[in-house]
Amino acid sequence: MPGCSSVIFSVSPESGRGDDEVAILGTFCAGGSDIVGVTLAGQNASITSSSCNRVVVEAADYGTNVTGDVVLTSDTGSTATASDSWTYLADGEIAQVEPLAGQSGTVVTIDGERLLGGGSGTPSVTLAGV
């Protein structure tokens with residue numbers, strides 16, 4: 001298709017970790033019939049479903065905070081790129097838990113980095129498996 005170009009309209013969500021599902025919308029194939037490769041911030045993603053308008057991938061496990069391009073490659077070799085459109089989020093790191101022991105009702109303070117995992121709230125916390 002002369003004059004046909006590949007374009008990414010949206011990436012959702014725009015950040016996450018390994019095994020997260022990411023939906024990418026746009027016009028991709030540029031004369032081809034399938035998407036054969038996807039990278040998120042330079043890491044290969046596993047394609048779970050694809051068409052020339054919507055691709056769903058599973059993010060690779062990267063383990064560190066990094067932002068980069070989303071790149072789709074069609075079976076014709078054409079590419080669609082969305083610059084700086086995906087951010088891998090590093091796992092949180094617990095630095096300190098106080099107190100180290102307690103009973104029901106004890107207030108526990110957990111200090112560290114990235115404890116919300118890119119979110120705005122903590123969905124759950126377990127202490128000693130409880």
# chains A, B, ... in the order shown; residues from 1 in each chain; ligands from 1
>>> residues_around(residues="Asn53 in chain A", least_positions_apart="4", cutoff="6 Å", atoms="only C-alpha atoms", output="JSON, numbers by chain")
{"A": [25, 26, 27]}
>>> residues_around(residues="Leu127 in chain A", least_positions_apart="3", cutoff="12 Å", atoms="only C-alpha atoms", output="short mmCIF file (atom, residue, chain, number, x, y, z; two decimals) with C-alpha atoms, in the first residue's frame")
data_model
loop_
_atom_site.label_atom_id
_atom_site.label_comp_id
_atom_site.auth_asym_id
_atom_site.auth_seq_id
_atom_site.Cartn_x
_atom_site.Cartn_y
_atom_site.Cartn_z
CA VAL A 97 10.12 -3.17 59.53
CA GLU A 98 9.40 -1.94 63.08
CA PRO A 99 8.68 -3.57 65.47
CA LEU A 100 10.00 -7.02 64.54
CA ALA A 101 7.38 -8.78 66.67
CA GLY A 102 3.95 -7.97 68.06
CA GLN A 103 0.43 -9.17 68.68
CA SER A 104 -2.94 -8.42 67.15
CA THR A 106 0.26 -3.79 66.94
CA VAL A 107 1.01 -0.88 64.59
CA VAL A 108 3.78 -1.88 62.17
CA THR A 109 5.84 0.63 60.19
CA ILE A 110 7.40 -0.48 56.91
CA SER A 124 -2.65 -5.54 50.79
CA VAL A 130 -1.03 -13.49 57.80
#
>>> residues_around(residues="range 76-83 of chain A", least_positions_apart="4", cutoff="9 Å", atoms="only C-alpha atoms", output="VMD selection string")
chain A and resid 5 to 11 26 to 36 68 to 72
>>> select_by_dssp(residues="range 49-98 of chain A", states="strand (DSSP E)", output="PyMOL selection string")
chain A and resi 49-50+54-58+66-74+79-88+93-98
>>> closest_atom_pairs(of="range 60-128 of chain A", to="range 14-24 of chain A", cutoff="7 Å", atoms="only C-alpha atoms", output="CSV")
residue,atom,partner,partner_atom,distance
A:Ala60,CA,A:Gly18,CA,4.5
A:Asp61,CA,A:Gly18,CA,3.6
A:Tyr62,CA,A:Gly18,CA,6.4
A:Ser85,CA,A:Glu14,CA,6.2
A:Trp86,CA,A:Glu14,CA,5.0
A:Thr87,CA,A:Ser15,CA,4.5
A:Tyr88,CA,A:Gly16,CA,5.3
A:Leu89,CA,A:Gly16,CA,5.4
>>> write_last_selection(atoms="C-alpha atoms", output="PDB file, in the first residue's frame")
ATOM      1  CA  ALA A  60       8.933  -9.083  29.861  1.00  0.00           C
ATOM      2  CA  ASP A  61      10.361  -9.207  33.380  1.00  0.00           C
ATOM      3  CA  TYR A  62      12.898  -6.362  33.437  1.00  0.00           C
ATOM      4  CA  SER A  85       5.624   5.384  25.809  1.00  0.00           C
ATOM      5  CA  TRP A  86       6.384   2.507  28.220  1.00  0.00           C
ATOM      6  CA  THR A  87       7.978   2.477  31.665  1.00  0.00           C
ATOM      7  CA  TYR A  88       9.092  -0.676  33.419  1.00  0.00           C
ATOM      8  CA  LEU A  89       8.597  -0.358  37.167  1.00  0.00           C
TER       9      LEU A  89
END
>>> atom_distance(atom1="CA of Thr122 in chain A", atom2="CA of Asn65 in chain A")
19.1 Å
>>> closest_residue(among="A:Gly105, A:Asp91, A:Thr73, A:Asp84", to="Cys52 in chain A", atoms="only C-alpha atoms")
A:Thr73
